[in-house]
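Asks: So here's query39.txt, just compact mmCIF, C-alpha atoms:
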```
# COMPACT_ATOMS: atom_id res chain seq x y z
CA MET O 100 213.35 97.17 89.12
CA ASN O 101 210.25 95.18 88.13
CA SER O 102 207.64 97.67 86.81
CA LYS O 103 204.82 95.54 88.20
CA THR O 104 205.77 96.33 91.78
CA SER O 105 204.03 99.73 91.75
CA GLU O 106 200.80 98.12 90.55
CA GLN O 107 200.39 95.61 93.38
CA THR O 108 197.80 96.02 96.11
CA PRO O 109 198.59 95.21 99.76
CA GLU O 110 196.79 91.91 99.11
CA GLY O 111 199.19 91.04 96.29
CA GLY O 112 196.84 91.43 93.31
CA ALA O 113 197.05 93.86 90.42
CA ARG O 114 195.20 97.00 91.41
CA ALA O 115 192.58 98.46 89.10
CA GLY O 116 193.55 101.72 87.44
CA GLY O 117 197.16 100.79 86.69
CA GLY O 118 199.75 103.41 87.51
CA ASP O 119 197.14 105.87 88.73
CA GLY O 120 196.15 103.54 91.53
CA SER O 121 192.86 101.94 92.52
CA LEU O 122 189.53 103.76 92.48
CA GLY O 123 189.74 104.42 96.21
CA GLU O 124 193.25 105.85 95.93
CA GLN O 125 192.31 108.15 93.05
CA LEU O 126 189.19 109.41 94.83
CA ARG O 127 191.20 110.05 97.99
CA ARG O 128 193.81 112.03 96.04
CA ALA O 129 191.12 114.05 94.30
CA ARG O 130 189.50 114.79 97.66
CA GLU O 131 192.78 115.85 99.26
CA GLN O 132 193.60 118.08 96.28
CA ARG O 133 190.29 119.87 96.85
CA GLY O 134 190.99 120.17 100.55
CA VAL O 135 187.74 118.58 101.71
CA THR O 136 187.20 115.99 104.42
CA LEU O 137 185.13 112.84 104.41
CA ARG O 138 182.90 114.48 107.00
CA GLU O 139 182.13 117.35 104.61
CA ILE O 140 181.35 114.93 101.78
CA SER O 141 179.11 112.92 104.12
CA GLU O 142 177.14 116.04 105.02
CA GLN O 143 176.71 116.99 101.36
CA THR O 144 175.78 113.53 100.03
CA ARG O 145 174.09 112.03 103.14
CA ILE O 146 176.36 108.99 102.73
CA THR O 147 177.67 107.66 106.04
CA MET O 148 181.32 108.02 106.99
CA ARG O 149 181.61 104.22 107.18
CA HIS O 150 180.56 103.83 103.54
CA LEU O 151 182.83 106.66 102.34
CA GLU O 152 185.80 105.09 104.14
CA ALA O 153 184.95 101.73 102.53
CA ILE O 154 185.00 103.33 99.06
CA GLU O 155 188.42 104.91 99.65
CA SER O 156 189.67 101.53 100.89
CA ASP O 157 188.17 99.66 97.89
CA ASP O 158 186.32 97.57 100.47
CA TYR O 159 183.06 96.99 98.56
CA LYS O 160 181.89 94.21 100.87
CA ASN O 161 181.06 96.86 103.46
CA LEU O 162 178.76 98.73 101.03
CA PRO O 163 175.03 98.04 100.65
CA GLY O 164 175.55 96.41 97.24
CA GLY O 165 174.01 96.64 93.76
CA ILE O 166 172.72 100.00 92.56
CA PHE O 167 173.51 101.59 95.93
CA ASN O 168 177.24 101.04 95.40
CA LYS O 169 177.09 102.77 92.01
CA SER O 170 175.02 105.64 93.40
CA PHE O 171 177.43 106.17 96.32
CA ILE O 172 180.50 106.06 94.06
CA LYS O 173 178.98 108.54 91.58
CA SER O 174 178.05 110.94 94.37
CA PHE O 175 181.54 110.67 95.91
CA ALA O 176 183.19 111.28 92.51
CA ARG O 177 180.93 114.27 91.80
CA GLN O 178 181.84 115.92 95.11
CA VAL O 179 185.60 115.68 94.46
CA GLY O 180 185.48 116.57 90.75
CA PHE O 181 186.35 113.06 89.55
CA ASP O 182 184.85 111.77 86.30
CA GLU O 183 181.78 109.75 87.29
CA MET O 184 181.90 107.32 84.35
CA ARG O 185 185.61 106.69 84.97
CA ALA O 186 184.81 105.96 88.62
CA LEU O 187 182.15 103.41 87.64
CA GLU O 188 184.54 101.75 85.17
CA LEU O 189 187.22 101.36 87.84
CA TYR O 190 184.64 100.04 90.30
CA ALA O 191 183.37 97.45 87.79
CA ARG O 192 186.94 96.40 86.92
CA THR O 193 187.88 95.91 90.56
CA ALA O 194 184.71 93.91 91.27
CA ARG O 195 185.32 91.64 88.28
CA GLU O 196 188.95 91.04 89.24
CA ARG O 197 187.76 89.94 92.67
CA GLY O 198 185.17 87.61 91.19
CA GLU O 199 182.27 89.71 92.45
CA SER O 200 179.15 90.72 90.56
CA VAL O 201 178.94 94.45 89.82
CA ASP O 202 175.18 94.49 90.48
CA GLU O 203 175.16 92.33 93.60
CA VAL O 204 178.22 92.72 95.85
CA ALA O 205 178.09 90.80 99.12
CA THR O 206 177.39 92.92 102.19
CA THR O 207 178.30 90.29 104.81
CA PRO O 208 181.15 87.79 105.19
CA GLN O 209 178.55 85.00 105.71
CA ARG O 210 178.12 84.68 101.96
CA SER O 211 176.90 81.07 102.02
CA ARG O 212 173.63 82.13 103.67
CA ILE O 213 172.44 84.39 100.88
CA TYR O 214 174.66 83.53 97.89
CA MET O 215 174.78 80.38 95.77
CA GLY O 216 177.04 79.17 92.98
CA ASP O 217 178.96 82.05 91.47
CA SER O 218 177.88 84.55 94.15
CA ALA O 219 174.59 85.44 92.41
CA ARG O 220 171.67 86.09 94.75
CA SER O 221 168.98 83.42 94.59
CA PRO O 222 166.28 84.67 92.14
CA LEU O 223 163.61 82.87 94.16
CA MET O 224 164.64 84.63 97.38
CA THR O 225 164.76 88.03 95.68
CA PHE O 226 161.37 87.50 94.05
CA GLY O 227 159.81 86.33 97.30
CA LEU O 228 161.11 89.31 99.27
CA SER O 229 159.88 91.69 96.57
CA LEU O 230 156.38 90.19 96.71
CA VAL O 231 156.26 90.53 100.50
CA ILE O 232 157.37 94.18 100.39
CA ILE O 233 154.88 95.04 97.63
CA ALA O 234 152.04 93.31 99.50
CA ILE O 235 152.82 95.25 102.68
CA LEU O 236 152.92 98.56 100.79
CA ILE O 237 149.58 97.80 99.10
CA LEU O 238 147.96 97.00 102.45
CA VAL O 239 149.33 100.20 104.03
CA VAL O 240 148.17 102.39 101.14
CA TYR O 241 144.77 100.71 100.98
CA GLY O 242 144.28 101.05 104.73
CA GLY O 243 145.27 104.71 104.63
CA LEU O 244 142.91 105.49 101.74
CA HIS O 245 140.05 103.62 103.42
CA TYR O 246 140.53 105.53 106.65
CA TYR O 247 140.81 108.84 104.81
CA ARG O 248 137.59 108.23 102.87
CA ARG O 249 135.70 107.28 106.03
CA THR O 250 136.85 110.34 107.97
CA GLU O 251 137.03 112.95 105.20
CA GLY O 252 134.26 111.81 102.85
CA PRO O 253 131.29 113.33 104.72
CA LYS O 254 133.17 116.60 105.24
CA LEU O 255 134.04 116.95 101.54
CA SER O 256 130.59 115.94 100.22
CA GLY O 257 129.60 119.59 99.71
CA GLN O 258 126.48 119.52 101.96
CA PRO O 259 126.35 122.52 104.34
CA THR O 260 125.63 121.93 108.02
CA PRO O 261 122.39 123.63 109.23
CA SER O 262 122.94 126.45 111.69
CA PRO O 263 121.01 129.46 112.99
CA ALA O 264 123.03 131.80 110.77
CA ALA O 265 123.08 130.86 107.09
CA PRO O 266 126.70 129.93 106.22
CA ASN O 267 128.53 131.11 103.17
CA PRO O 268 128.15 128.28 100.55
CA ALA O 269 131.81 128.60 99.59
CA GLN O 270 132.80 128.15 103.23
CA ALA O 271 130.43 125.21 103.68
CA THR O 272 132.01 123.24 100.82
CA ALA O 273 135.65 124.29 101.27
CA PRO O 274 138.11 121.42 101.86
CA SER O 275 139.12 120.92 105.48
CA THR O 276 142.77 120.33 104.68
CA SER O 277 143.97 123.04 107.06
CA ALA O 278 142.20 121.32 109.96
CA GLN O 279 142.98 117.73 109.04
CA GLY O 280 146.51 118.10 107.61
CA LEU O 281 147.85 117.05 104.21
CA GLN O 282 148.14 113.76 102.34
CA ILE O 283 151.47 113.82 100.48
CA GLN O 284 153.07 110.99 98.52
CA VAL O 285 156.74 111.14 97.43
CA ARG O 286 158.02 108.80 94.69
CA ALA O 287 161.28 108.25 92.79
CA LYS O 288 160.76 108.20 89.02
CA GLY O 289 162.97 105.53 87.47
CA LYS O 290 166.07 106.14 89.61
CA PRO O 291 166.77 105.88 93.36
CA PHE O 292 168.17 108.89 95.18
CA TRP O 293 168.86 110.07 98.72
CA LEU O 294 165.84 111.74 100.34
CA THR O 295 165.66 113.66 103.62
CA THR O 296 162.35 114.79 105.14
CA LEU O 297 161.30 116.93 108.10
CA GLN O 298 157.65 116.76 109.13
CA ASP O 299 155.84 119.52 111.05
CA ASP O 300 159.15 121.16 112.07
CA ASP O 301 159.78 118.47 114.71
CA LYS O 302 163.57 119.01 114.30
CA LYS O 303 164.09 115.31 113.55
CA LYS O 304 165.29 114.87 109.98
CA LYS O 305 164.93 111.43 108.40
CA GLY O 306 167.32 110.44 105.63
CA ARG O 307 167.15 107.31 103.46
CA MET O 308 167.47 106.05 99.90
CA LEU O 309 164.13 106.42 98.06
CA LEU O 310 163.53 103.54 95.63
CA PRO O 311 161.27 103.70 92.54
CA ASP O 312 159.05 100.83 93.73
CA LYS O 313 158.72 102.16 97.29
CA PRO O 314 156.82 105.47 97.40
CA GLU O 315 156.35 107.07 100.81
CA ASP O 316 153.21 108.68 102.23
CA PHE O 317 153.09 111.56 104.72
CA SER O 318 150.20 113.10 106.66
CA PRO O 319 151.64 116.28 108.21
CA GLN O 320 149.33 118.57 110.14
CA ASP O 321 151.14 121.74 109.10
CA SER O 322 154.16 121.21 106.83
CA LEU O 323 156.59 118.80 105.18
CA ASP O 324 160.17 119.69 104.15
CA ILE O 325 161.58 117.57 101.29
CA MET O 326 165.38 117.70 100.79
CA PHE O 327 167.37 116.11 97.94
CA ASP O 328 170.52 116.69 95.91
CA LYS O 329 170.01 118.96 92.90
CA PRO O 330 170.75 116.31 90.20
CA SER O 331 167.89 114.21 91.62
CA ALA O 332 165.25 116.93 91.10
CA GLU O 333 164.18 115.42 87.76
CA PHE O 334 163.48 112.07 89.45
CA LEU O 335 161.27 113.51 92.22
CA ASP O 336 157.52 112.85 91.84
CA VAL O 337 155.11 114.33 94.42
CA SER O 338 151.32 114.25 94.73
CA ILE O 339 149.26 116.26 97.23
CA ASN O 340 145.82 115.04 98.32
CA GLY O 341 145.80 112.62 95.38
CA ARG O 342 146.65 115.26 92.76
CA PRO O 343 150.01 115.62 90.92
CA ALA O 344 152.17 118.49 92.17
CA HIS O 345 154.85 120.33 90.19
CA LEU O 346 158.30 121.08 91.59
CA PRO O 347 158.81 124.87 91.84
CA ASP O 348 161.89 126.37 90.19
CA ASP O 349 163.40 127.59 93.46
CA ALA O 350 163.11 124.10 94.98
CA ALA O 351 164.82 122.52 91.95
CA SER O 352 167.75 124.95 92.27
CA THR O 353 168.16 124.67 96.06
CA GLY O 354 167.28 121.01 96.59
CA GLN O 355 164.71 121.85 99.29
CA TRP O 356 160.92 122.01 98.97
CA LYS O 357 158.64 123.12 101.81
CA ILE O 358 154.95 122.18 101.46
CA THR O 359 152.53 123.70 103.98
CA LYS O 360 148.78 123.73 104.50
CA ASP O 361 148.84 127.37 103.35
CA ASN O 362 150.91 127.09 100.15
CA TYR O 363 150.18 123.58 98.82
CA ARG O 364 147.49 124.75 96.36
CA GLN O 365 150.05 126.62 94.23
CA PHE O 366 151.90 123.33 93.54
CA ILE O 367 148.85 121.28 92.45
CA GLN O 368 148.63 120.86 88.69
```
Show me, as structure tokens, the structure contained in the file I just sent.
Replies:
Amino acid sequence: MNSKTSEQTPEGGARAGGGDGSLGEQLRRAREQRGVTLREISEQTRITMRHLEAIESDDYKNLPGGIFNKSFIKSFARQVGFDEMRALELYARTARERGESVDEVATTPQRSRIYMGDSARSPLMTFGLSLVIIAILILVVYGGLHYYRRTEGPKLSGQPTPSPAAPNPAQATAPSTSAQGLQIQVRAKGKPFWLTTLQDDDKKKKGRMLLPDKPEDFSPQDSLDIMFDKPSAEFLDVSINGRPAHLPDDAASTGQWKITKDNYRQFIQ
């Protein structure tokens, strides 16, 4: 019997990983050996079922592409006890064998609209989109700071308001954060990671990938819950009311940080 038969994919090409099978097959076996479902992995990693199924099927065209593919594959491998570096090597090998770039894998079959030549994204298009996004973020941040200064400046100037009963000077100059809410900025330091937030206990969690060049601003009236996977704790950067805040030890170990108008002062450096 020809020994190459066991190393052929359904599409007829040599599958990455040799006798052990492709990356998707090895991850699926590791998952089944641990007795976990894709649904359980999705809940732990915040990766959608559709993307997890694409990884097990070695269908990288249905993944977001670039650094997101690597992040998803590493998270998947970590959950099933598979070596993360081995997973990335198999992913890169498969992409190269298919003639795809490891950093920019197509996310749509209409490749001619956004890819040129050897499937590399147009640098001009990427640069233009980056400038537009950065400009929008600058305008939003500037507008928010301008509004905050106009509304909060007089209240934080330290001048007491005359009244029949002489007020306590400490009370007259105290910040009005409890009445006006908080100004919280969340940033990824050097590496993107999956972030989930819950503002003012509205029961509507919002999950997304937080990128280093796209910080997010929040203005909760009472509280903000920040949720992340434990390995990403070192990449989380938070400031409260314009001042750097330190991640408490219990939040780093649990992957959940609750900031409220009553406890935020203990986190400010």
Asks: Pick out the residues sitting within 8 Å of segment 340-357 of chain O, and hand them over as a VMD selection string; count only C-alpha atoms, and ignore anything fewer than 2 positions along from it in its own chain.
Replies: chain O and resid 281 to 283 322 to 329 332 336 to 338 359 366 to 368
Asks: Rounded to one decimal place, report the atom CA of Gln284 of chain O-atom CA of Lys304 of chain O distance in Å.
Replies: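 One can read the atom CA of Gln284 of chain O to atom CA of Lys304 of chain O distance as 17.2 Å.
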Asks: Hey, which of O:Tyr159, O:Ile140, O:Leu126, O:Leu151 ends up closest to Glu183 of chain O? Count only C-alpha atoms.
Replies: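 Of O:Tyr159, O:Ile140, O:Leu126, O:Leu151, the one nearest Glu183 of chain O, counting only C-alpha atoms, is O:Leu126.
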Asks: Taking all atoms listed in the file into account, which of O:Lys160, O:Lys169, O:Arg138, O:Lys313 comes nearest Arg197 of chain O?
Replies: O:Lys160
Asks: Quick one, how far is atom CA of Glu155 of chain O from atom CA of Ser170 of chain O?
Replies: 14.8 Å
Asks: Return the single residue from O:Leu122, O:Asn362, O:Pro311, O:Lys288 that is closest to Phe334 of chain O, with distances computed using all atoms listed in the file.
Replies: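 Answer, going by the shortest atom-to-atom distance: O:Lys288.
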Asks: Go ahead and compute the interatomic distance for atom CA of Glu188 of chain O and atom CA of Ser174 of chain O, in Å to one decimal.
Replies: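 Here the two named atoms are 14.5 Å from each other.
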Asks: Quick one: residues within 12 Å of Ile237 of chain O, only C-alpha atoms counted, chain neighbours fewer than 6 positions away excluded, as a PyMOL selection string?
Replies: chain O and resi 230-231+243-245+312-316
